[in-house]
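K.L.:
Data: final-v2.pdb, PDB, C-alpha atoms.
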```pdb
ATOM      1  CA  MET A 232       0.000   0.000   0.000  1.00  0.00           C
ATOM      2  CA  ASN A 233       1.160   3.509  -0.745  1.00  0.00           C
ATOM      3  CA  THR A 234       1.391   5.096   2.697  1.00  0.00           C
ATOM      4  CA  GLY A 235       2.116   8.485   1.107  1.00  0.00           C
ATOM      5  CA  ALA A 236      -0.996   8.515  -1.058  1.00  0.00           C
ATOM      6  CA  ARG A 237      -3.297  11.521  -0.811  1.00  0.00           C
ATOM      7  CA  ILE A 238      -6.831  10.423   0.111  1.00  0.00           C
ATOM      8  CA  VAL A 239      -9.697  12.117  -1.711  1.00  0.00           C
ATOM      9  CA  CYS A 240     -13.151  11.577  -0.198  1.00  0.00           C
ATOM     10  CA  ALA A 241     -16.277  11.764  -2.321  1.00  0.00           C
ATOM     11  CA  GLY A 242     -19.828  10.888  -1.417  1.00  0.00           C
ATOM     12  CA  ALA A 243     -22.286   9.130  -3.680  1.00  0.00           C
ATOM     13  CA  GLY A 244     -22.981  11.342  -6.678  1.00  0.00           C
ATOM     14  CA  ASP A 245     -20.509  14.057  -5.618  1.00  0.00           C
ATOM     15  CA  ALA A 246     -18.242  15.417  -8.309  1.00  0.00           C
ATOM     16  CA  VAL A 247     -14.513  15.018  -7.784  1.00  0.00           C
ATOM     17  CA  ASP A 248     -12.114  17.792  -8.761  1.00  0.00           C
ATOM     18  CA  PRO A 249     -10.240  16.564 -11.881  1.00  0.00           C
ATOM     19  CA  ALA A 250      -7.023  17.985 -10.395  1.00  0.00           C
ATOM     20  CA  ASP A 251      -7.313  15.381  -7.622  1.00  0.00           C
ATOM     21  CA  VAL A 252      -7.785  12.494 -10.046  1.00  0.00           C
ATOM     22  CA  LEU A 253      -5.149  13.582 -12.571  1.00  0.00           C
ATOM     23  CA  SER A 254      -2.488  14.438 -10.000  1.00  0.00           C
ATOM     24  CA  ARG A 255       1.141  14.160 -11.131  1.00  0.00           C
ATOM     25  CA  ASP A 256       2.309  13.496  -7.554  1.00  0.00           C
ATOM     26  CA  PHE A 257       2.794   9.745  -8.035  1.00  0.00           C
ATOM     27  CA  ASP A 258       6.439   8.642  -7.862  1.00  0.00           C
ATOM     28  CA  MET A 259       6.957   4.966  -8.843  1.00  0.00           C
ATOM     29  CA  LEU A 260      10.505   4.798  -7.441  1.00  0.00           C
ATOM     30  CA  ARG A 261       9.486   6.243  -4.053  1.00  0.00           C
ATOM     31  CA  THR A 262       6.361   4.070  -3.870  1.00  0.00           C
ATOM     32  CA  GLY A 263       8.221   0.878  -4.813  1.00  0.00           C
ATOM     33  CA  SER A 264      10.983   1.428  -2.280  1.00  0.00           C
ATOM     34  CA  ALA A 265       8.402   2.074   0.445  1.00  0.00           C
ATOM     35  CA  ALA A 266       6.397  -1.079  -0.288  1.00  0.00           C
ATOM     36  CA  THR A 267       5.107  -2.341   3.038  1.00  0.00           C
ATOM     37  CA  TRP A 268       5.393  -5.980   1.993  1.00  0.00           C
ATOM     38  CA  MET A 269       9.132  -5.542   1.421  1.00  0.00           C
ATOM     39  CA  HIS A 270       9.557  -4.098   4.932  1.00  0.00           C
ATOM     40  CA  LEU A 271       7.531  -6.925   6.448  1.00  0.00           C
ATOM     41  CA  LEU A 272       9.739  -9.569   4.811  1.00  0.00           C
ATOM     42  CA  SER A 273      12.987  -7.840   5.732  1.00  0.00           C
ATOM     43  CA  GLY A 274      12.023  -7.221   9.371  1.00  0.00           C
ATOM     44  CA  PRO A 275      12.807  -9.505  12.311  1.00  0.00           C
ATOM     45  CA  GLU A 276       9.293 -10.950  12.253  1.00  0.00           C
ATOM     46  CA  SER A 277       9.954 -12.510   8.849  1.00  0.00           C
ATOM     47  CA  ARG A 278      11.964 -15.310  10.431  1.00  0.00           C
ATOM     48  CA  SER A 279       8.924 -16.965  11.998  1.00  0.00           C
ATOM     49  CA  SER A 280       6.806 -19.366   9.976  1.00  0.00           C
ATOM     50  CA  THR A 281       3.586 -17.361  10.356  1.00  0.00           C
ATOM     51  CA  GLU A 282       3.516 -13.849  11.778  1.00  0.00           C
ATOM     52  CA  ALA A 283       0.385 -11.717  11.957  1.00  0.00           C
ATOM     53  CA  GLY A 284       0.035  -8.088  12.933  1.00  0.00           C
ATOM     54  CA  LEU A 285      -2.203  -5.049  12.818  1.00  0.00           C
ATOM     55  CA  GLY A 286      -0.575  -2.023  11.250  1.00  0.00           C
ATOM     56  CA  GLU A 287      -1.533   1.524  10.395  1.00  0.00           C
ATOM     57  CA  ALA A 288      -5.228   2.326   9.874  1.00  0.00           C
ATOM     58  CA  GLY A 289      -6.290  -1.146  10.991  1.00  0.00           C
ATOM     59  CA  VAL A 290      -4.679  -2.943   8.056  1.00  0.00           C
ATOM     60  CA  ALA A 291      -3.828  -6.506   9.095  1.00  0.00           C
ATOM     61  CA  SER A 292      -0.761  -8.303   7.769  1.00  0.00           C
ATOM     62  CA  LEU A 293       0.530 -11.845   7.550  1.00  0.00           C
ATOM     63  CA  VAL A 294       4.098 -12.954   6.899  1.00  0.00           C
ATOM     64  CA  TYR A 295       3.811 -16.468   5.489  1.00  0.00           C
ATOM     65  CA  GLU A 296       6.862 -18.759   5.320  1.00  0.00           C
ATOM     66  CA  ARG A 297       6.865 -22.488   4.584  1.00  0.00           C
ATOM     67  CA  ARG A 298       9.377 -25.046   3.323  1.00  0.00           C
ATOM     68  CA  ARG A 299       7.059 -26.936   0.929  1.00  0.00           C
ATOM     69  CA  PRO A 300       6.102 -26.047  -2.634  1.00  0.00           C
ATOM     70  CA  PHE A 301       2.646 -24.946  -3.688  1.00  0.00           C
ATOM     71  CA  HIS A 302       0.592 -27.283  -5.876  1.00  0.00           C
ATOM     72  CA  PRO A 303      -0.095 -25.260  -9.068  1.00  0.00           C
ATOM     73  CA  ALA A 304      -3.800 -26.150  -9.371  1.00  0.00           C
ATOM     74  CA  ARG A 305      -4.559 -25.534  -5.698  1.00  0.00           C
ATOM     75  CA  LEU A 306      -2.668 -22.237  -5.724  1.00  0.00           C
ATOM     76  CA  GLU A 307      -4.575 -21.117  -8.822  1.00  0.00           C
ATOM     77  CA  ALA A 308      -7.861 -21.923  -7.046  1.00  0.00           C
ATOM     78  CA  PHE A 309      -6.744 -19.859  -4.032  1.00  0.00           C
ATOM     79  CA  VAL A 310      -5.825 -16.894  -6.246  1.00  0.00           C
ATOM     80  CA  ARG A 311      -9.159 -17.148  -8.065  1.00  0.00           C
ATOM     81  CA  ASP A 312     -11.503 -17.773  -5.131  1.00  0.00           C
ATOM     82  CA  GLY A 313      -9.780 -17.408  -1.767  1.00  0.00           C
ATOM     83  CA  ALA A 314      -7.793 -14.195  -1.688  1.00  0.00           C
ATOM     84  CA  GLU A 315     -10.588 -11.623  -1.668  1.00  0.00           C
ATOM     85  CA  THR A 316      -9.527 -10.062   1.669  1.00  0.00           C
ATOM     86  CA  VAL A 317      -5.931  -9.509   0.482  1.00  0.00           C
ATOM     87  CA  THR A 318      -5.478  -6.016  -0.958  1.00  0.00           C
ATOM     88  CA  ARG A 319      -1.675  -6.040  -1.288  1.00  0.00           C
ATOM     89  CA  SER A 320       0.869  -8.847  -1.212  1.00  0.00           C
ATOM     90  CA  GLY A 321       4.344  -9.615  -2.406  1.00  0.00           C
ATOM     91  CA  GLY A 322       7.380 -11.800  -2.013  1.00  0.00           C
ATOM     92  CA  PHE A 323       8.617 -14.944  -3.673  1.00  0.00           C
ATOM     93  CA  PHE A 324       7.407 -18.515  -3.766  1.00  0.00           C
ATOM     94  CA  TRP A 325       8.204 -22.113  -4.667  1.00  0.00           C
ATOM     95  CA  LEU A 326       5.907 -23.759  -7.209  1.00  0.00           C
ATOM     96  CA  ALA A 327       6.121 -27.542  -7.536  1.00  0.00           C
ATOM     97  CA  SER A 328       5.628 -27.523 -11.316  1.00  0.00           C
ATOM     98  CA  GLN A 329       8.660 -25.218 -11.705  1.00  0.00           C
ATOM     99  CA  PRO A 330      10.822 -26.663  -8.913  1.00  0.00           C
ATOM    100  CA  ARG A 331      14.106 -25.053  -9.948  1.00  0.00           C
ATOM    101  CA  THR A 332      12.686 -21.543 -10.420  1.00  0.00           C
ATOM    102  CA  MET A 333      12.188 -18.882  -7.758  1.00  0.00           C
ATOM    103  CA  MET A 334       8.899 -17.155  -8.577  1.00  0.00           C
ATOM    104  CA  LEU A 335       8.036 -13.502  -7.903  1.00  0.00           C
ATOM    105  CA  TRP A 336       4.611 -12.680  -6.409  1.00  0.00           C
ATOM    106  CA  SER A 337       3.365  -9.076  -6.577  1.00  0.00           C
ATOM    107  CA  GLN A 338      -0.301  -8.202  -6.076  1.00  0.00           C
ATOM    108  CA  ALA A 339      -2.221  -4.935  -5.706  1.00  0.00           C
ATOM    109  CA  GLY A 340      -6.017  -5.065  -5.632  1.00  0.00           C
ATOM    110  CA  SER A 341      -7.264  -7.419  -8.322  1.00  0.00           C
ATOM    111  CA  LEU A 342      -3.974  -7.375 -10.254  1.00  0.00           C
ATOM    112  CA  LEU A 343      -1.532 -10.218  -9.591  1.00  0.00           C
ATOM    113  CA  GLN A 344       1.850 -10.489 -11.274  1.00  0.00           C
ATOM    114  CA  VAL A 345       3.636 -13.831 -11.145  1.00  0.00           C
ATOM    115  CA  GLN A 346       6.908 -14.316 -12.999  1.00  0.00           C
ATOM    116  CA  PRO A 347      10.210 -16.192 -12.790  1.00  0.00           C
ATOM    117  CA  MET A 348      12.952 -14.433 -10.771  1.00  0.00           C
ATOM    118  CA  GLY A 349      15.734 -16.872 -11.623  1.00  0.00           C
ATOM    119  CA  GLU A 350      16.960 -20.119 -10.167  1.00  0.00           C
ATOM    120  CA  TRP A 351      17.062 -20.934  -6.485  1.00  0.00           C
ATOM    121  CA  THR A 352      20.512 -20.352  -5.035  1.00  0.00           C
ATOM    122  CA  ALA A 353      20.730 -24.067  -4.184  1.00  0.00           C
ATOM    123  CA  ASP A 354      20.746 -24.779  -7.943  1.00  0.00           C
ATOM    124  CA  GLY A 355      23.396 -22.159  -8.762  1.00  0.00           C
ATOM    125  CA  ASP A 356      27.171 -22.351  -8.787  1.00  0.00           C
ATOM    126  CA  ASP A 357      29.230 -23.206  -5.705  1.00  0.00           C
ATOM    127  CA  ALA A 358      29.727 -19.545  -4.714  1.00  0.00           C
ATOM    128  CA  ASN A 359      25.984 -18.934  -4.792  1.00  0.00           C
ATOM    129  CA  ARG A 360      25.302 -22.111  -2.817  1.00  0.00           C
ATOM    130  CA  ALA A 361      27.685 -21.001  -0.095  1.00  0.00           C
ATOM    131  CA  SER A 362      25.894 -17.644   0.213  1.00  0.00           C
ATOM    132  CA  ALA A 363      22.573 -19.432   0.760  1.00  0.00           C
ATOM    133  CA  ASP A 364      23.677 -21.431   3.802  1.00  0.00           C
ATOM    134  CA  GLU A 365      21.640 -19.388   6.279  1.00  0.00           C
ATOM    135  CA  ASP A 366      18.445 -19.987   4.283  1.00  0.00           C
ATOM    136  CA  ALA A 367      19.152 -23.628   3.433  1.00  0.00           C
ATOM    137  CA  SER A 368      17.013 -26.400   4.818  1.00  0.00           C
ATOM    138  CA  GLY A 369      17.584 -30.097   4.100  1.00  0.00           C
ATOM    139  CA  VAL A 370      17.633 -31.522   0.587  1.00  0.00           C
ATOM    140  CA  PHE A 371      15.679 -28.608  -0.912  1.00  0.00           C
ATOM    141  CA  GLY A 372      18.197 -25.902  -0.022  1.00  0.00           C
ATOM    142  CA  ASP A 373      16.832 -22.361   0.073  1.00  0.00           C
ATOM    143  CA  ARG A 374      13.501 -23.176  -1.617  1.00  0.00           C
ATOM    144  CA  ARG A 375      10.578 -21.794   0.362  1.00  0.00           C
ATOM    145  CA  GLN A 376       7.480 -19.643   0.456  1.00  0.00           C
ATOM    146  CA  GLU A 377       8.102 -16.103   1.672  1.00  0.00           C
ATOM    147  CA  LEU A 378       5.049 -13.891   1.220  1.00  0.00           C
ATOM    148  CA  ALA A 379       3.737 -10.797   2.992  1.00  0.00           C
ATOM    149  CA  LEU A 380      -0.015 -10.272   2.663  1.00  0.00           C
ATOM    150  CA  MET A 381      -2.091  -7.282   3.820  1.00  0.00           C
ATOM    151  CA  GLY A 382      -5.712  -6.231   3.934  1.00  0.00           C
ATOM    152  CA  PRO A 383      -8.153  -4.336   6.175  1.00  0.00           C
ATOM    153  CA  ASP A 384     -10.410  -7.363   6.736  1.00  0.00           C
ATOM    154  CA  LEU A 385      -7.703 -10.004   6.619  1.00  0.00           C
ATOM    155  CA  ASP A 386      -8.065 -12.957   9.019  1.00  0.00           C
ATOM    156  CA  ALA A 387      -4.437 -14.069   9.300  1.00  0.00           C
ATOM    157  CA  GLY A 388      -5.195 -17.482  10.807  1.00  0.00           C
ATOM    158  CA  SER A 389      -7.752 -18.376   8.148  1.00  0.00           C
ATOM    159  CA  LEU A 390      -5.525 -17.069   5.370  1.00  0.00           C
ATOM    160  CA  ALA A 391      -2.565 -19.134   6.594  1.00  0.00           C
ATOM    161  CA  GLU A 392      -4.798 -22.239   6.632  1.00  0.00           C
ATOM    162  CA  GLN A 393      -5.933 -21.549   3.057  1.00  0.00           C
ATOM    163  CA  LEU A 394      -2.336 -21.185   1.891  1.00  0.00           C
ATOM    164  CA  ASP A 395      -1.318 -24.326   3.818  1.00  0.00           C
ATOM    165  CA  ALA A 396      -4.007 -26.222   1.890  1.00  0.00           C
ATOM    166  CA  CYS A 397      -2.205 -25.225  -1.339  1.00  0.00           C
ATOM    167  CA  LEU A 398       1.048 -26.903  -0.230  1.00  0.00           C
ATOM    168  CA  LEU A 399       2.006 -30.396  -1.358  1.00  0.00           C
ATOM    169  CA  THR A 400       0.925 -33.294   0.852  1.00  0.00           C
ATOM    170  CA  ASP A 401       3.460 -35.784   2.247  1.00  0.00           C
ATOM    171  CA  GLU A 402       2.539 -38.215  -0.545  1.00  0.00           C
ATOM    172  CA  GLU A 403       2.999 -35.549  -3.228  1.00  0.00           C
ATOM    173  CA  MET A 404       6.352 -34.523  -1.738  1.00  0.00           C
ATOM    174  CA  GLU A 405       7.640 -38.069  -2.241  1.00  0.00           C
ATOM    175  CA  LEU A 406       6.980 -37.893  -6.006  1.00  0.00           C
ATOM    176  CA  GLY A 407       9.865 -35.468  -6.551  1.00  0.00           C
ATOM    177  CA  PHE A 408      10.909 -32.887  -9.130  1.00  0.00           C
ATOM    178  CA  ASP A 409      10.475 -35.007 -12.248  1.00  0.00           C
ATOM    179  CA  ALA A 410       6.848 -35.862 -11.456  1.00  0.00           C
ATOM    180  CA  TRP A 411       5.991 -32.355 -10.274  1.00  0.00           C
ATOM    181  CA  SER A 412       7.332 -30.842 -13.491  1.00  0.00           C
ATOM    182  CA  GLN A 413       4.774 -32.840 -15.495  1.00  0.00           C
ATOM    183  CA  TRP A 414       1.749 -31.323 -13.734  1.00  0.00           C
ATOM    184  CA  PRO A 415      -0.367 -28.757 -15.632  1.00  0.00           C
ATOM    185  CA  ASP A 416       0.900 -25.306 -14.692  1.00  0.00           C
ATOM    186  CA  PRO A 417      -1.439 -22.308 -14.997  1.00  0.00           C
ATOM    187  CA  PHE A 418       1.468 -20.054 -13.928  1.00  0.00           C
ATOM    188  CA  SER A 419       3.818 -21.027 -16.759  1.00  0.00           C
ATOM    189  CA  GLN A 420       4.695 -18.567 -19.504  1.00  0.00           C
ATOM    190  CA  GLU A 421       3.297 -21.065 -22.023  1.00  0.00           C
ATOM    191  CA  ALA A 422      -0.055 -21.054 -20.193  1.00  0.00           C
ATOM    192  CA  ASP A 423      -0.047 -17.237 -20.229  1.00  0.00           C
ATOM    193  CA  GLY A 424       0.530 -17.303 -23.978  1.00  0.00           C
ATOM    194  CA  GLN A 425      -2.311 -19.758 -24.563  1.00  0.00           C
ATOM    195  CA  ALA A 426      -4.639 -17.665 -22.408  1.00  0.00           C
ATOM    196  CA  GLY A 427      -3.771 -14.627 -24.509  1.00  0.00           C
ATOM    197  CA  GLU A 428      -4.493 -16.549 -27.737  1.00  0.00           C
ATOM    198  CA  ASP A 429      -7.826 -17.813 -26.373  1.00  0.00           C
ATOM    199  CA  ALA A 430      -8.968 -14.335 -25.292  1.00  0.00           C
TER     200      ALA A 430
END
```
Once more with this new file: its structure as structure tokens, please.
P.N.:
Amino acid sequence: MNTGARIVCAGAGDAVDPADVLSRDFDMLRTGSAATWMHLLSGPESRSSTEAGLGEAGVASLVYERRRPFHPARLEAFVRDGAETVTRSGGFFWLASQPRTMMLWSQAGSLLQVQPMGEWTADGDDANRASADEDASGVFGDRRQELALMGPDLDAGSLAEQLDACLLTDEEMELGFDAWSQWPDPFSQEADGQAGEDA
């Protein structure tokens, strides 16, 4: 959320001054560097697996961290049907169908951007692997979910449960990378291209 935004109030049917709507005050660089989700993930609370809080103006937040990948179909269902109380979120995540790729998550209102960020450090060269030691965990290295989610009506406990339901089960975890990579992936660039062609 843009904490520096100017708030313009208008009642039903009231005209709004065009100067308020067409303001040139917006600064993308300043807004991006002040992103609340980035501060949540970089703060000391980001080290816990689930951290909830109530911030300015009654906006609730959840820092969500897990060491299992999301199932692509279940995550798509959450994005489509379960995230209505989330007004802003961001971070990175581990998707089972793209097990070697760190994925970026950036959402504001109804707009969600998901895209590859690069490979997980555990899959990089030796120098990169050494730098990931503090985030490494078991055979999967630094792979994890690390998301900050915010919203005025957000129920952190319920939201964490919904996200947990998107994670792979114990049985699915045993299948491994090769099997996961064969699953249909609505978040792949190929799927985005097909969606664009179908539209």
K.L.:
Just the number, please: distance in Å from CA of Pro347 (chain A) to CA of Ala314 (chain A), one decimal.
P.N.:
21.2 Å
K.L.:
Between A:Glu315, A:Glu392, A:Glu377, A:Asp354, which one has atoms that come closest to Arg331 (chain A), using only C-alpha atoms?
P.N.:
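For Arg331 (chain A), the nearest of the given residues is A:Asp354.
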K.L.:
Quick one: residues within 8 Å of Trp351 (chain A), all atoms listed in the file, excluding same-chain residues fewer than 5 positions away - as a PDB file with C-alpha atoms, in the frame of the given file?
P.N.:
```pdb
ATOM      1  CA  ARG A 331      14.106 -25.053  -9.948  1.00  0.00           C
ATOM      2  CA  THR A 332      12.686 -21.543 -10.420  1.00  0.00           C
ATOM      3  CA  MET A 333      12.188 -18.882  -7.758  1.00  0.00           C
ATOM      4  CA  ASP A 373      16.832 -22.361   0.073  1.00  0.00           C
ATOM      5  CA  ARG A 374      13.501 -23.176  -1.617  1.00  0.00           C
TER       6      ARG A 374
END
```
K.L.:
List the neighbours of Arg311 (chain A) out to 12 Å using only C-alpha atoms; skip same-chain residues closer than 4 positions along the sequence, and give me the result as JSON, numbers by chain.
P.N.:
{"A": [304, 305, 306, 307, 315, 317, 341, 342, 343, 417]}
K.L.:
Just checking: using all atoms listed in the file, which residue out of A:Phe309, A:Met348, A:Glu405, A:Gln338 ends up closest to Met381 (chain A)?
P.N.:
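Nearest candidate to Met381 (chain A) out of A:Phe309, A:Met348, A:Glu405, A:Gln338: A:Gln338.
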K.L.:
Measuring atom to atom with all atoms listed in the file, identify which of A:Ala379, A:Glu296, A:Thr352, A:Gly313 is nearest to Ser337 (chain A).
P.N.:
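Distance minimum relative to Ser337 (chain A) lands on A:Ala379.
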K.L.:
Which protein, DNA or RNA residues are at most 12 Å from (13.3, -21.7, -5.9) in the file's coordinates when you count only C-alpha atoms, listed as an MDAnalysis selection string?
P.N.:
chainID A and resid 298:301 323:335 347:355 363 366:367 371:377 408
K.L.:
Rounded to one decimal place, report the CA of Ser389 (chain A)-CA of Trp414 (chain A) distance in Å.
P.N.:
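Separating CA of Ser389 (chain A) from CA of Trp414 (chain A) is a distance of 27.1 Å.
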K.L.:
Take CA of Leu394 (chain A) and CA of His302 (chain A) and report the distance between them in Å, one decimal.
P.N.:
10.3 Å
K.L.:
On this file, the PyMOL selection byres ((chain A and resi 387) around 8) gives some set of residues; write that set as a PDB file with C-alpha atoms, keeping the file's coordinate frame.
P.N.:
```pdb
ATOM      1  CA  ALA A 283       0.385 -11.717  11.957  1.00  0.00           C
ATOM      2  CA  ALA A 291      -3.828  -6.506   9.095  1.00  0.00           C
ATOM      3  CA  SER A 292      -0.761  -8.303   7.769  1.00  0.00           C
ATOM      4  CA  LEU A 293       0.530 -11.845   7.550  1.00  0.00           C
ATOM      5  CA  LEU A 385      -7.703 -10.004   6.619  1.00  0.00           C
ATOM      6  CA  ASP A 386      -8.065 -12.957   9.019  1.00  0.00           C
ATOM      7  CA  GLY A 388      -5.195 -17.482  10.807  1.00  0.00           C
ATOM      8  CA  SER A 389      -7.752 -18.376   8.148  1.00  0.00           C
ATOM      9  CA  LEU A 390      -5.525 -17.069   5.370  1.00  0.00           C
ATOM     10  CA  ALA A 391      -2.565 -19.134   6.594  1.00  0.00           C
TER      11      ALA A 391
END
```
K.L.:
Produce the centre coordinates and the three edge lengths, each in Å to one decimal, of the box along x, y and z that contains all listed atoms of region 403-419 of chain A with 8 Å added on each side, as JSON.
P.N.:
```
{"center_x": 4.7, "center_y": -29.1, "center_z": -9.2, "size_x": 28.3, "size_y": 34.0, "size_z": 31.0}
```
K.L.:
Counting only C-alpha atoms, which residue out of A:Trp336, A:Ala396, A:Val370, A:Ser412 sits closest to Ala308 (chain A)?
P.N.:
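Smallest separation from Ala308 (chain A) among the options: A:Ala396.
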K.L.:
Please determine, counting only C-alpha atoms, which residue among A:Pro415, A:Pro303, A:Gly407, A:Gly382 has the shortest atom-to-atom distance to Thr318 (chain A).
P.N.:
A:Gly382
